[in-house]
file query_17.cif (mmCIF, C-alpha atoms and all ligand atoms)
data_model
loop_
_atom_site.label_atom_id
_atom_site.label_comp_id
_atom_site.auth_asym_id
_atom_site.auth_seq_id
_atom_site.Cartn_x
_atom_site.Cartn_y
_atom_site.Cartn_z
CA MET X 1 -12.76 27.99 27.45
CA LEU X 2 -13.38 29.00 23.85
CA ARG X 3 -17.07 29.55 23.12
CA TYR X 4 -19.43 31.72 21.10
CA LEU X 5 -22.99 32.90 20.88
CA THR X 6 -24.84 34.23 17.86
CA ALA X 7 -27.68 36.76 17.68
CA GLY X 8 -29.82 38.22 14.95
CA GLU X 9 -32.80 37.58 12.72
CA SER X 10 -32.71 36.60 9.06
CA HIS X 11 -34.24 39.91 7.94
CA GLY X 12 -33.12 42.05 10.88
CA PRO X 13 -30.51 44.78 10.45
CA ALA X 14 -27.50 42.62 11.32
CA LEU X 15 -26.20 39.35 12.71
CA THR X 16 -23.73 39.35 15.58
CA ALA X 17 -21.45 36.75 17.16
CA ILE X 18 -19.40 37.12 20.33
CA VAL X 19 -16.42 34.80 20.58
CA GLU X 20 -15.04 34.48 24.09
CA GLY X 21 -11.77 32.88 25.17
CA PHE X 22 -9.95 33.37 21.86
CA PRO X 23 -6.19 33.73 22.44
CA SER X 24 -4.26 36.94 21.86
CA GLY X 25 -1.62 37.32 19.17
CA VAL X 26 -3.53 35.98 16.14
CA SER X 27 -3.65 38.28 13.09
CA LEU X 28 -7.34 38.68 12.39
CA ASP X 29 -7.28 38.50 8.62
CA ALA X 30 -10.78 39.75 7.77
CA GLU X 31 -10.22 39.06 4.07
CA PHE X 32 -9.63 35.38 4.86
CA ILE X 33 -12.99 35.31 6.65
CA ASN X 34 -14.63 37.13 3.73
CA VAL X 35 -13.45 34.39 1.35
CA GLU X 36 -15.06 31.81 3.63
CA LEU X 37 -18.28 33.83 3.66
CA LYS X 38 -18.27 33.99 -0.14
CA ARG X 39 -17.78 30.22 -0.35
CA ARG X 40 -20.89 29.76 1.82
CA GLN X 41 -22.93 32.03 -0.41
CA GLY X 42 -22.01 30.01 -3.48
CA GLY X 43 -22.95 26.65 -4.94
CA TYR X 44 -25.53 25.75 -7.55
CA GLY X 45 -29.19 25.83 -6.50
CA ARG X 46 -29.25 28.79 -4.15
CA GLY X 47 -32.27 31.11 -4.22
CA LYS X 48 -32.68 34.83 -4.88
CA ARG X 49 -31.58 35.88 -1.37
CA GLN X 50 -27.93 35.21 -2.17
CA THR X 51 -28.08 37.70 -5.04
CA LEU X 52 -29.13 40.35 -2.51
CA GLU X 53 -26.52 39.68 0.17
CA THR X 54 -22.77 40.42 0.06
CA ASP X 55 -21.51 39.01 3.32
CA ARG X 56 -18.45 40.80 4.68
CA VAL X 57 -17.35 40.63 8.29
CA ILE X 58 -17.18 43.70 10.53
CA VAL X 59 -14.92 43.28 13.57
CA ASP X 60 -16.32 45.41 16.39
CA SER X 61 -14.11 44.32 19.30
CA GLY X 62 -11.25 42.13 20.46
CA THR X 63 -8.42 43.37 18.22
CA TYR X 64 -5.73 46.03 18.38
CA HIS X 65 -4.06 46.97 15.09
CA GLY X 66 -5.56 43.86 13.53
CA VAL X 67 -4.22 41.42 16.12
CA THR X 68 -6.43 39.65 18.68
CA THR X 69 -6.13 40.89 22.26
CA GLY X 70 -7.64 37.99 24.20
CA GLY X 71 -10.80 40.06 24.82
CA PRO X 72 -14.20 38.98 23.47
CA ILE X 73 -14.30 39.29 19.69
CA THR X 74 -17.48 40.70 18.19
CA LEU X 75 -18.14 39.77 14.57
CA ARG X 76 -21.01 41.45 12.72
CA LEU X 77 -22.61 40.95 9.32
CA LEU X 78 -25.12 43.32 7.78
CA ASN X 79 -28.32 42.07 6.14
CA ASN X 80 -29.01 43.88 2.89
CA ASP X 81 -32.49 42.34 2.84
CA ALA X 82 -33.33 43.94 6.20
CA LYS X 83 -37.11 44.23 6.03
CA LEU X 84 -38.22 42.39 9.16
CA GLU X 85 -40.86 44.88 10.29
CA ARG X 86 -42.45 44.95 6.83
CA LEU X 87 -42.77 41.19 6.42
CA ARG X 88 -46.17 39.50 6.55
CA GLU X 89 -47.09 36.89 9.13
CA PRO X 90 -47.22 33.47 7.41
CA THR X 91 -50.70 31.95 7.79
CA ALA X 92 -49.94 28.23 7.20
CA PRO X 93 -46.93 26.72 9.01
CA ARG X 94 -44.40 24.83 6.89
CA GLY X 95 -43.68 21.22 7.76
CA GLY X 96 -39.98 20.63 8.44
CA HIS X 97 -39.65 24.08 10.05
CA VAL X 98 -40.04 25.33 13.61
CA ASP X 99 -43.10 27.35 12.47
CA LEU X 100 -45.81 25.40 14.31
CA ALA X 101 -43.94 24.07 17.36
CA GLY X 102 -42.07 27.35 17.91
CA ALA X 103 -45.15 29.56 17.74
CA ILE X 104 -46.88 27.33 20.30
CA ALA X 105 -43.82 27.05 22.56
CA TYR X 106 -43.01 30.77 22.55
CA GLN X 107 -46.63 32.00 22.27
CA THR X 108 -45.81 34.18 19.26
CA GLY X 109 -46.63 34.28 15.60
CA ILE X 110 -44.74 32.18 13.04
CA ARG X 111 -42.60 35.09 11.81
CA GLN X 112 -40.87 35.55 15.18
CA VAL X 113 -39.60 31.99 15.37
CA LEU X 114 -38.76 31.39 11.71
CA GLU X 115 -36.62 34.53 11.55
CA ARG X 116 -34.32 33.24 14.27
CA ALA X 117 -34.42 29.59 13.15
CA SER X 118 -33.35 30.55 9.62
CA ALA X 119 -30.06 29.30 8.26
CA ARG X 120 -29.12 32.92 7.65
CA GLU X 121 -27.46 32.43 11.06
CA THR X 122 -24.97 30.04 9.47
CA ALA X 123 -23.20 33.04 7.91
CA LEU X 124 -22.07 33.92 11.43
CA ARG X 125 -20.98 30.36 12.12
CA VAL X 126 -18.80 30.53 9.04
CA ALA X 127 -17.31 33.83 10.21
CA VAL X 128 -16.59 32.31 13.65
CA GLY X 129 -15.21 29.16 11.99
CA GLY X 130 -12.98 31.36 9.82
CA LEU X 131 -11.56 32.92 12.97
CA ALA X 132 -10.93 29.43 14.38
CA LYS X 133 -9.24 28.42 11.13
CA LEU X 134 -6.85 31.37 11.47
CA LEU X 135 -5.74 30.05 14.87
CA LEU X 136 -5.51 26.46 13.62
CA ARG X 137 -3.53 27.55 10.55
CA ASP X 138 -0.98 29.20 12.84
CA LEU X 139 -0.66 25.85 14.64
CA GLY X 140 -0.32 23.73 11.48
CA ILE X 141 -3.84 22.28 11.58
CA GLY X 142 -5.98 22.36 8.41
CA VAL X 143 -9.73 21.87 8.00
CA PHE X 144 -11.70 21.52 4.80
CA GLY X 145 -15.22 20.51 3.92
CA TYR X 146 -16.71 19.23 0.70
CA VAL X 147 -19.74 17.62 -0.86
CA ARG X 148 -19.72 13.82 -1.08
CA GLU X 149 -23.18 13.28 -2.40
CA LEU X 150 -26.03 15.45 -3.66
CA GLY X 151 -29.59 14.29 -4.32
CA GLY X 152 -28.38 10.67 -4.16
CA ILE X 153 -25.67 11.28 -6.80
CA GLU X 154 -22.05 10.78 -5.77
CA ALA X 155 -19.98 13.95 -6.16
CA PRO X 156 -17.07 13.73 -8.62
CA PRO X 157 -14.17 11.68 -7.21
CA LEU X 158 -12.01 14.72 -7.90
CA ALA X 159 -13.19 15.89 -4.52
CA LEU X 160 -10.85 13.40 -2.86
CA ASP X 161 -7.75 14.39 -4.86
CA PRO X 162 -5.38 16.12 -2.40
CA GLN X 163 -4.46 18.76 -4.98
CA ILE X 164 -8.06 19.72 -5.45
CA ARG X 165 -8.55 19.39 -1.71
CA ASP X 166 -5.96 22.06 -1.09
CA ALA X 167 -7.89 24.40 -3.34
CA SER X 168 -10.96 23.84 -1.21
CA PRO X 169 -12.56 27.24 -1.90
CA VAL X 170 -13.20 25.99 -5.42
CA TYR X 171 -13.97 22.37 -4.93
CA THR X 172 -16.36 22.62 -2.01
CA CYS X 173 -18.78 23.87 -4.61
CA ASN X 174 -17.80 21.12 -7.06
CA PRO X 175 -21.34 19.84 -7.55
CA GLY X 176 -21.96 23.01 -9.52
CA ALA X 177 -19.43 21.74 -12.03
CA ASP X 178 -20.88 18.22 -12.36
CA PRO X 179 -23.38 18.02 -15.23
CA GLY X 180 -25.41 15.19 -13.62
CA ILE X 181 -25.80 17.10 -10.40
CA VAL X 182 -26.61 20.37 -12.16
CA ALA X 183 -29.32 18.55 -14.13
CA ALA X 184 -30.75 17.01 -10.95
CA ILE X 185 -30.95 20.43 -9.27
CA ASP X 186 -32.57 21.94 -12.39
CA ALA X 187 -35.13 19.11 -12.46
CA ALA X 188 -35.94 19.62 -8.78
CA ARG X 189 -36.44 23.36 -9.37
CA GLU X 190 -38.76 22.64 -12.32
CA ALA X 191 -40.81 20.30 -10.17
CA GLY X 192 -41.03 22.80 -7.28
CA ASP X 193 -38.96 20.33 -5.26
CA THR X 194 -35.60 20.43 -3.40
CA LEU X 195 -32.50 18.25 -2.85
CA GLY X 196 -30.29 17.30 0.11
CA GLY X 197 -26.91 15.61 0.34
CA VAL X 198 -23.95 14.32 2.31
CA LEU X 199 -21.06 16.56 3.42
CA GLU X 200 -17.70 15.68 4.84
CA ALA X 201 -15.15 17.68 6.83
CA VAL X 202 -11.57 16.52 7.30
CA VAL X 203 -9.07 17.89 9.84
CA THR X 204 -5.38 17.35 9.11
CA GLY X 205 -2.32 17.89 11.30
CA CYS X 206 -4.24 17.35 14.52
CA PRO X 207 -2.08 16.58 17.55
CA ILE X 208 -2.84 13.44 19.57
CA GLY X 209 -4.90 14.06 22.68
CA LEU X 210 -7.64 16.56 21.80
CA GLY X 211 -10.79 15.78 23.78
CA SER X 212 -10.73 13.15 26.51
CA HIS X 213 -11.88 9.64 27.32
CA ALA X 214 -12.40 10.62 30.96
CA GLN X 215 -15.82 12.30 30.95
CA TRP X 216 -18.76 12.12 28.53
CA ASP X 217 -18.99 15.82 27.81
CA ARG X 218 -15.28 16.15 27.04
CA LYS X 219 -15.28 13.55 24.26
CA LEU X 220 -14.21 15.15 21.00
CA ASP X 221 -16.52 13.04 18.82
CA ALA X 222 -19.48 13.97 21.03
CA ARG X 223 -18.65 17.66 20.81
CA LEU X 224 -18.26 17.50 17.05
CA ALA X 225 -21.57 15.68 16.73
CA LEU X 226 -23.35 18.37 18.76
CA ALA X 227 -21.80 21.16 16.71
CA VAL X 228 -22.61 19.56 13.35
CA MET X 229 -26.10 18.41 14.34
CA SER X 230 -26.90 21.97 15.44
CA ILE X 231 -26.62 23.19 11.85
CA GLN X 232 -30.01 23.87 10.28
CA ALA X 233 -31.28 20.86 8.24
CA ILE X 234 -28.53 18.43 9.35
CA LYS X 235 -30.22 15.16 10.30
CA GLY X 236 -27.33 12.73 10.78
CA VAL X 237 -23.68 12.83 11.84
CA GLU X 238 -21.02 10.15 11.45
CA VAL X 239 -17.38 9.97 12.55
CA GLY X 240 -15.09 7.78 10.43
CA LEU X 241 -16.99 4.74 9.14
CA GLY X 242 -20.04 5.82 11.13
CA PHE X 243 -23.11 3.68 10.41
CA GLU X 244 -21.08 1.46 8.07
CA ALA X 245 -19.14 0.19 11.13
CA ALA X 246 -22.34 -1.46 12.38
CA ARG X 247 -22.45 -3.65 9.27
CA ARG X 248 -18.88 -4.97 9.40
CA PRO X 249 -17.13 -7.51 11.64
CA GLY X 250 -14.62 -6.08 14.13
CA SER X 251 -11.69 -7.09 11.91
CA GLY X 252 -13.07 -4.81 9.20
CA VAL X 253 -13.42 -1.85 11.52
CA MET X 254 -10.48 -1.82 13.93
CA ASP X 255 -7.49 0.14 12.57
CA PRO X 256 -4.19 -1.78 12.97
CA ILE X 257 -1.33 -0.10 14.86
CA ARG X 258 2.19 -0.08 13.40
CA PHE X 259 5.41 1.66 14.36
CA GLU X 260 7.86 3.37 12.06
CA ALA X 261 11.35 3.37 13.56
CA GLY X 262 13.57 6.35 12.72
CA HIS X 263 10.68 8.81 12.53
CA ASP X 264 11.26 12.53 12.87
CA PRO X 265 11.31 13.65 16.56
CA SER X 266 8.78 16.36 15.67
CA ASP X 267 6.35 13.74 14.25
CA ARG X 268 2.98 14.54 15.86
CA ARG X 269 2.16 10.81 15.84
CA PHE X 270 5.45 9.77 17.52
CA GLY X 271 6.11 7.18 14.81
CA PHE X 272 2.83 5.32 15.27
CA ARG X 273 1.03 4.64 12.01
CA ARG X 274 -2.49 3.48 11.21
CA PRO X 275 -2.74 2.00 7.71
CA THR X 276 -6.51 2.57 7.78
CA ASN X 277 -8.55 5.34 9.38
CA ASN X 278 -11.93 3.75 9.97
CA ALA X 279 -12.11 5.48 13.36
CA GLY X 280 -12.00 8.86 11.64
CA GLY X 281 -9.12 10.09 13.78
CA ILE X 282 -10.88 9.74 17.14
CA GLU X 283 -10.67 6.78 19.55
CA GLY X 284 -12.25 6.93 23.01
CA GLY X 285 -13.23 10.55 22.53
CA THR X 286 -9.56 11.47 21.93
CA SER X 287 -7.84 12.52 18.71
CA ASN X 288 -5.29 9.86 17.69
CA GLY X 289 -3.27 11.94 15.22
CA GLU X 290 -4.95 10.57 12.08
CA PRO X 291 -7.12 12.93 10.01
CA ILE X 292 -10.44 13.60 11.74
CA VAL X 293 -13.30 12.72 9.41
CA VAL X 294 -16.84 13.91 10.13
CA ARG X 295 -19.77 13.34 7.80
CA ALA X 296 -23.21 14.91 7.87
CA ALA X 297 -26.54 14.24 6.17
CA LYS X 298 -28.44 17.35 5.09
CA LYS X 299 -32.13 16.95 4.42
CA PRO X 300 -33.64 18.66 1.37
CA ILE X 301 -34.99 22.19 1.91
CA SER X 302 -38.47 21.95 3.47
CA THR X 303 -39.97 25.08 1.90
CA LEU X 304 -41.31 23.77 -1.38
CA ALA X 305 -42.35 25.94 -4.31
CA ALA X 306 -44.97 23.23 -4.96
CA ARG X 307 -46.32 24.07 -1.51
CA GLY X 308 -46.77 21.10 0.85
CA PRO X 309 -50.06 20.39 2.69
CA SER X 310 -50.68 22.40 5.85
CA VAL X 311 -53.40 24.13 7.85
CA ASN X 312 -54.55 27.75 7.98
CA MET X 313 -53.87 28.85 11.57
CA ALA X 314 -56.99 31.07 11.71
CA THR X 315 -59.57 28.71 10.18
CA LYS X 316 -57.79 25.38 10.89
CA GLY X 317 -58.93 24.39 7.39
CA GLU X 318 -56.58 22.75 4.89
CA SER X 319 -54.17 25.14 3.18
CA PRO X 320 -50.93 24.82 1.23
CA ALA X 321 -47.91 25.75 3.41
CA SER X 322 -46.80 29.38 3.17
CA TYR X 323 -44.18 30.08 0.49
CA GLU X 324 -42.25 33.26 -0.28
CA ARG X 325 -39.01 32.12 -1.90
CA SER X 326 -36.40 29.50 -1.08
CA ASP X 327 -33.20 27.73 -1.98
CA VAL X 328 -33.63 24.61 -4.12
CA CYS X 329 -30.37 23.15 -2.85
CA ALA X 330 -27.96 24.46 -0.20
CA VAL X 331 -25.74 21.37 0.01
CA PRO X 332 -22.48 23.03 -1.19
CA ALA X 333 -23.08 25.86 1.29
CA ALA X 334 -23.63 23.30 4.03
CA SER X 335 -20.21 21.78 3.35
CA VAL X 336 -18.65 25.15 4.16
CA ILE X 337 -20.73 25.41 7.33
CA VAL X 338 -19.82 21.88 8.50
CA GLU X 339 -16.18 22.77 7.91
CA ALA X 340 -16.60 25.94 9.99
CA VAL X 341 -18.23 24.33 13.02
CA VAL X 342 -15.74 21.46 12.98
CA ALA X 343 -12.90 24.01 12.85
CA PHE X 344 -14.35 25.82 15.85
CA GLU X 345 -14.72 22.65 17.95
CA VAL X 346 -11.17 21.57 17.13
CA ALA X 347 -9.87 25.04 18.03
CA ALA X 348 -11.81 24.88 21.32
CA ALA X 349 -10.29 21.48 22.06
CA VAL X 350 -6.81 22.83 21.26
CA VAL X 351 -7.26 25.79 23.62
CA GLU X 352 -8.53 23.44 26.34
CA ARG X 353 -5.70 20.94 25.96
CA PHE X 354 -2.81 23.33 25.41
CA VAL X 355 -3.88 25.98 27.88
CA GLY X 356 -2.63 29.45 27.10
CA SER X 357 -4.13 32.88 26.67
CA SER X 358 -1.89 33.81 23.73
CA LEU X 359 -0.93 32.10 20.48
CA GLU X 360 2.67 31.91 21.67
CA ALA X 361 1.66 30.35 25.00
CA ILE X 362 -0.40 27.72 23.17
CA ARG X 363 2.51 27.01 20.83
CA ALA X 364 4.86 26.68 23.79
CA SER X 365 2.40 24.42 25.60
CA MET X 366 2.03 22.23 22.49
CA GLY X 367 5.81 21.98 22.22
CA ALA X 368 6.24 21.18 25.91
CA MET X 369 3.48 18.56 25.83
CA HIS X 370 5.03 16.96 22.75
CA GLU X 371 8.37 16.74 24.50
CA LEU X 372 6.75 15.31 27.63
CA SER X 373 4.94 12.61 25.65
CA ARG X 374 8.09 11.79 23.68
CA ARG X 375 10.11 11.33 26.89
CA HIS X 376 7.26 9.34 28.44
CA LEU X 377 7.28 6.96 25.46
CA GLU X 378 11.02 6.46 25.83
CA GLU X 379 11.07 6.02 29.60
CA TYR X 380 7.80 4.53 30.84
CA TRP X 381 8.03 1.07 29.30
CA SER X 382 11.77 0.73 29.69
CA ALA X 383 11.84 1.86 33.34
CA GLY X 384 9.55 -1.02 34.36
CA LYS X 385 6.80 1.34 35.54
CA SER X 386 4.19 -0.52 33.54
CA ALA X 387 2.65 -3.59 35.09
CA GLY X 388 2.69 -5.29 31.70
CA ALA X 389 -0.07 -7.26 30.06
C1 LIG S 1 -27.21 27.00 4.00
C2 LIG S 1 -28.64 26.65 4.29
C3 LIG S 1 -29.63 27.29 3.59
C4 LIG S 1 -30.97 26.98 3.84
N1 LIG S 1 -31.92 27.58 3.09
C5 LIG S 1 -33.23 27.26 3.30
C6 LIG S 1 -34.25 27.83 2.50
O1 LIG S 1 -33.99 28.64 1.60
N2 LIG S 1 -35.52 27.46 2.76
C7 LIG S 1 -35.85 26.55 3.73
O2 LIG S 1 -36.99 26.23 3.90
N3 LIG S 1 -34.90 26.00 4.51
C8 LIG S 1 -33.61 26.33 4.32
N4 LIG S 1 -32.63 25.76 5.10
C9 LIG S 1 -33.02 24.78 6.15
C10 LIG S 1 -33.79 25.38 7.30
O3 LIG S 1 -33.13 26.46 7.91
C11 LIG S 1 -34.08 24.31 8.37
O4 LIG S 1 -34.55 23.14 7.76
C12 LIG S 1 -35.11 24.80 9.37
O5 LIG S 1 -34.61 25.91 10.09
C13 LIG S 1 -35.58 23.72 10.34
O6 LIG S 1 -34.52 23.18 11.07
P1 LIG S 1 -34.17 21.63 11.01
O7 LIG S 1 -34.25 21.22 9.57
O8 LIG S 1 -32.76 21.56 11.52
O9 LIG S 1 -35.15 20.88 11.84
C14 LIG S 1 -31.30 26.02 4.84
C15 LIG S 1 -30.27 25.39 5.56
C16 LIG S 1 -28.95 25.69 5.29
C17 LIG S 1 -27.87 25.00 6.07
C1 LIG S 2 -30.38 33.95 3.99
C2 LIG S 2 -29.80 32.78 3.87
O1 LIG S 2 -30.45 31.60 3.75
C3 LIG S 2 -31.84 31.59 3.95
C4 LIG S 2 -32.15 30.43 4.84
C5 LIG S 2 -33.58 30.19 4.93
C6 LIG S 2 -34.05 29.28 5.99
O2 LIG S 2 -35.27 29.14 6.16
O3 LIG S 2 -33.22 28.67 6.65
C7 LIG S 2 -34.48 30.73 4.03
C8 LIG S 2 -34.06 31.63 2.95
O4 LIG S 2 -34.23 32.98 3.35
P1 LIG S 2 -35.19 33.97 2.56
O5 LIG S 2 -36.55 33.57 2.95
O6 LIG S 2 -34.84 35.34 3.00
O7 LIG S 2 -34.91 33.76 1.10
C9 LIG S 2 -32.58 31.46 2.64
O8 LIG S 2 -32.18 32.44 1.73
C10 LIG S 2 -28.34 32.62 3.86
O9 LIG S 2 -27.91 31.47 3.80
O10 LIG S 2 -27.64 33.64 3.89
#
call {"tool": "encode", "arguments": {"input": "query_17.cif", "output": "C-alpha cells"}}
result
Amino acid sequence: MLRYLTAGESHGPALTAIVEGFPSGVSLDAEFINVELKRRQGGYGRGKRQTLETDRVIVDSGTYHGVTTGGPITLRLLNNDAKLERLREPTAPRGGHVDLAGAIAYQTGIRQVLERASARETALRVAVGGLAKLLLRDLGIGVFGYVRELGGIEAPPLALDPQIRDASPVYTCNPGADPGIVAAIDAAREAGDTLGGVLEAVVTGCPIGLGSHAQWDRKLDARLALAVMSIQAIKGVEVGLGFEAARRPGSGVMDPIRFEAGHDPSDRRFGFRRPTNNAGGIEGGTSNGEPIVVRAAKKPISTLAARGPSVNMATKGESPASYERSDVCAVPAASVIVEAVVAFEVAAAVVERFVGSSLEAIRASMGAMHELSRRHLEEYWSAGKSAGA
C-alpha cells in the first residue's frame, strides 16, 4: 500500500513527509520535484510569504545513489520564515479558519492549531505528488492541473490547448497572464478582499481497472474526492460532468461505447472508444481508460486585510478578526496542489492494482495483466462462457 503522512508547522523549522510503500528502481529526480515546488509558489496574487521561501526538497531516506530502494522515503522542506516561538497569539479567531473550533477541541491557543492547519503543508503534498509523478511518468501516465475559473472569470481557453497543456509548468499559472483576471485580483487586493476559483486535474494514459467497483473504500472516484477535498480551502469536488450531470437527461450524460477494429494490440483501451467523456474516466469506481477529469472549487482566502467581524477571546467583546498578512489569491497554486494529490492517488491505485515492490515488477505486472485482459476479450465471449443477455 502506497501512503504518506506529513508533519510540520507553517513557521516551524521544517516540514517533513514520509512516503511508505513506494516501489524501488525509480530515479528520484529532485530537480523535477523542485520545479513542481516552484510552480506551487507562483501565480498572481500570492502574499509576501512566497518572497521569503525558496522551496527545495531534501531527501533524507529511501534512496541509494539517487534511485529509490523500496524503503520509506523522507522528504523535507526548510522554512525560511521559521519564527514559530516568536509569534504572537492571535486574540480574535478568524472565520473560515480552524482558529476557534481547533482551540476549543484541542484546549490550546489559536496559534497552535492555525500553524498546523496552514496551507504551508501543501508544499509537502506537492513534493509527494512530484514523487508520484516520477513513477507515473515511467509508466506512461501523465497528470496536469490548471485553472479553469478565477473570481468568477473563465480562464483563457488556451488552457485547454494540448500544446499549452504539455507545457503545464507555464500554463497552470495562466491567470497571471490574463489581463481581466489580473485586474480582478488587483481590485480584490485594493478592497482588502480575496478571490477563489475552479481548478481541474486531468490524468492521461491511465490503464483500465484502477480502483474497484467491489467495495466503497476502493472506489477510485471516492479516493480522489477525499484527497482533493482534504486540500486547504477546497469546498467542492466533481468528477467528469459532476453537478452538471444532475441537470441533464440520461441520454446527455451516458457516454456511448464504440469499437475500433484493427487497433494496436498494445492499446490500453483494447479498441473500445468513448466519443464523449462525461464520466471523467471513471465508471463504477473503476478507471475506464479515458482521461480522468477531476474538478475542485477553492473558496476565497478567509483572512481578509479588511478584517472580518469576530470576538476578542479574553473580553468576548466584538473585535475585527486577527490579521498579520495573507495571500489575496492562491488559485493557481491550488491547481498545482490538486494535480499533486490526484497524481498520488492514481499512483497508489496503480501500485495496488499492479502489485510489485519495484518499478520493473509493476511494469511486468501491467504487461501481464494487459495480456490477460486481451486474451479474455478474445476468448470469453466466443467460448460460450457468458450466459448472454
Ligand atoms: C495554496 C494555498 C494558500 C493559502 N493561503 C492562505 C492565506 O494566505 N491566508 C489564509 O487565510 N488562508 C490561506 N489558505 C486557505 C487556508 O489554509 C484554509 O482556508 C484554512 O486552513 C481553513 O481550512 P478550510 O478552508 O479547508 O476549512 C490557502 C490555501 C491554499 C491551498
Ligand atoms: C506559507 C504558505 O502559505 C501560507 C498559507 C496560509 C494559510 O493560512 O493557509 C497563510 C499564509 O502564511 P503566512 O501567514 O506565513 O503568510 C500563506 O503564506 C505556502 O503556501 O507556502
call {"tool": "atom_distance", "arguments": {"input": "query_17.cif", "atom1": "atom C5 of ligand LIG 1 (chain S)", "atom2": "CA of Glu190 (chain X)"}}
result
17.2 Å
call {"tool": "residues_near_ligand", "arguments": {"input": "query_17.cif", "ligand": "ligand LIG 2 (chain S)", "cutoff": "9 Å", "atoms": "all atoms listed in the file", "output": "ChimeraX atom specification"}}
result
/X:10-11,40-41,46-50,53,55,79,81,97,114-123,232-233,301-303,323-327,330,333
call {"tool": "residues_around", "arguments": {"input": "query_17.cif", "residues": "region 58-62 of chain X", "least_positions_apart": "4", "cutoff": "6 Å", "atoms": "all atoms listed in the file", "output": "JSON, numbers by chain"}}
result
{"X": [68, 69, 71, 72, 73, 74, 75, 76]}
call {"tool": "residues_around", "arguments": {"input": "query_17.cif", "residues": "Lys133 (chain X)", "least_positions_apart": "5", "cutoff": "12 Å", "atoms": "only C-alpha atoms", "output": "ChimeraX atom specification"}}
result
/X:22,26-30,32-33,36,125-128,138-144,203-204,339-348,350
call {"tool": "write_last_selection", "arguments": {"input": "query_17.cif", "atoms": "C-alpha atoms", "output": "PDB file, in the frame of the given file"}}
result
ATOM      1  CA  PHE X  22      -9.950  33.370  21.860  1.00  0.00           C
ATOM      2  CA  VAL X  26      -3.530  35.980  16.140  1.00  0.00           C
ATOM      3  CA  SER X  27      -3.650  38.280  13.090  1.00  0.00           C
ATOM      4  CA  LEU X  28      -7.340  38.680  12.390  1.00  0.00           C
ATOM      5  CA  ASP X  29      -7.280  38.500   8.620  1.00  0.00           C
ATOM      6  CA  ALA X  30     -10.780  39.750   7.770  1.00  0.00           C
ATOM      7  CA  PHE X  32      -9.630  35.380   4.860  1.00  0.00           C
ATOM      8  CA  ILE X  33     -12.990  35.310   6.650  1.00  0.00           C
ATOM      9  CA  GLU X  36     -15.060  31.810   3.630  1.00  0.00           C
ATOM     10  CA  ARG X 125     -20.980  30.360  12.120  1.00  0.00           C
ATOM     11  CA  VAL X 126     -18.800  30.530   9.040  1.00  0.00           C
ATOM     12  CA  ALA X 127     -17.310  33.830  10.210  1.00  0.00           C
ATOM     13  CA  VAL X 128     -16.590  32.310  13.650  1.00  0.00           C
ATOM     14  CA  ASP X 138      -0.980  29.200  12.840  1.00  0.00           C
ATOM     15  CA  LEU X 139      -0.660  25.850  14.640  1.00  0.00           C
ATOM     16  CA  GLY X 140      -0.320  23.730  11.480  1.00  0.00           C
ATOM     17  CA  ILE X 141      -3.840  22.280  11.580  1.00  0.00           C
ATOM     18  CA  GLY X 142      -5.980  22.360   8.410  1.00  0.00           C
ATOM     19  CA  VAL X 143      -9.730  21.870   8.000  1.00  0.00           C
ATOM     20  CA  PHE X 144     -11.700  21.520   4.800  1.00  0.00           C
ATOM     21  CA  VAL X 203      -9.070  17.890   9.840  1.00  0.00           C
ATOM     22  CA  THR X 204      -5.380  17.350   9.110  1.00  0.00           C
ATOM     23  CA  GLU X 339     -16.180  22.770   7.910  1.00  0.00           C
ATOM     24  CA  ALA X 340     -16.600  25.940   9.990  1.00  0.00           C
ATOM     25  CA  VAL X 341     -18.230  24.330  13.020  1.00  0.00           C
ATOM     26  CA  VAL X 342     -15.740  21.460  12.980  1.00  0.00           C
ATOM     27  CA  ALA X 343     -12.900  24.010  12.850  1.00  0.00           C
ATOM     28  CA  PHE X 344     -14.350  25.820  15.850  1.00  0.00           C
ATOM     29  CA  GLU X 345     -14.720  22.650  17.950  1.00  0.00           C
ATOM     30  CA  VAL X 346     -11.170  21.570  17.130  1.00  0.00           C
ATOM     31  CA  ALA X 347      -9.870  25.040  18.030  1.00  0.00           C
ATOM     32  CA  ALA X 348     -11.810  24.880  21.320  1.00  0.00           C
ATOM     33  CA  VAL X 350      -6.810  22.830  21.260  1.00  0.00           C
TER      34      VAL X 350
END
call {"tool": "closest_residue", "arguments": {"input": "query_17.cif", "among": "X:Asn288, X:Thr194, X:Ser322, X:Thr16", "to": "Arg88 (chain X)", "atoms": "only C-alpha atoms"}}
result
X:Ser322
call {"tool": "residues_around", "arguments": {"input": "query_17.cif", "residues": "Thr54 (chain X)", "least_positions_apart": "2", "cutoff": "8 Å", "atoms": "all atoms listed in the file", "output": "MDAnalysis selection string"}}
result
chainID X and resid 38 50:52 56 80
call {"tool": "write_last_selection", "arguments": {"input": "query_17.cif", "atoms": "C-alpha atoms", "output": "tab-separated table (two decimals), in the coordinates of the input"}}
result
chain	number	residue	atom	x	y	z
X	38	LYS	CA	-18.27	33.99	-0.14
X	50	GLN	CA	-27.93	35.21	-2.17
X	51	THR	CA	-28.08	37.70	-5.04
X	52	LEU	CA	-29.13	40.35	-2.51
X	56	ARG	CA	-18.45	40.80	4.68
X	80	ASN	CA	-29.01	43.88	2.89
call {"tool": "axis_aligned_box", "arguments": {"input": "query_17.cif", "around": "ligand LIG 1 (chain S)", "padding_each_side": "5 Å", "output": "AutoDock Vina command-line options"}}
result
--center_x -32.1 --center_y 24.8 --center_z 6.7 --size_x 19.8 --size_y 17.8 --size_z 20.2
call {"tool": "residues_near_point", "arguments": {"input": "query_17.cif", "point": "(-9.5, 9.5, 12.1)", "cutoff": "12 Å", "atoms": "only C-alpha atoms", "output": "PyMOL selection string"}}
result
chain X and resi 201-208+220-221+238-242+254-255+273-295
call {"tool": "closest_residue", "arguments": {"input": "query_17.cif", "among": "X:Lys316, X:Lys219, X:Lys83, X:Lys298", "to": "ligand LIG 1 (chain S)", "atoms": "only C-alpha atoms and all ligand atoms"}}
result
X:Lys298
call {"tool": "closest_residue", "arguments": {"input": "query_17.cif", "among": "X:His263, X:Arg39, X:His370, X:Lys299", "to": "ligand LIG 1 (chain S)", "atoms": "only C-alpha atoms and all ligand atoms"}}
result
X:Lys299
call {"tool": "decode", "arguments": {"input": "query_17.cif", "residues": "region 53-58 of chain X", "atoms": "C-alpha atoms", "output": "CSV table (one decimal), in the first residue's frame"}}
result
chain,number,residue,atom,x,y,z
X,53,GLU,CA,10.5,31.0,0.9
X,54,THR,CA,12.6,29.0,-1.7
X,55,ASP,CA,11.2,25.6,-1.5
X,56,ARG,CA,13.7,22.9,-2.4
X,57,VAL,CA,13.3,19.2,-1.5
X,58,ILE,CA,15.8,17.4,0.8
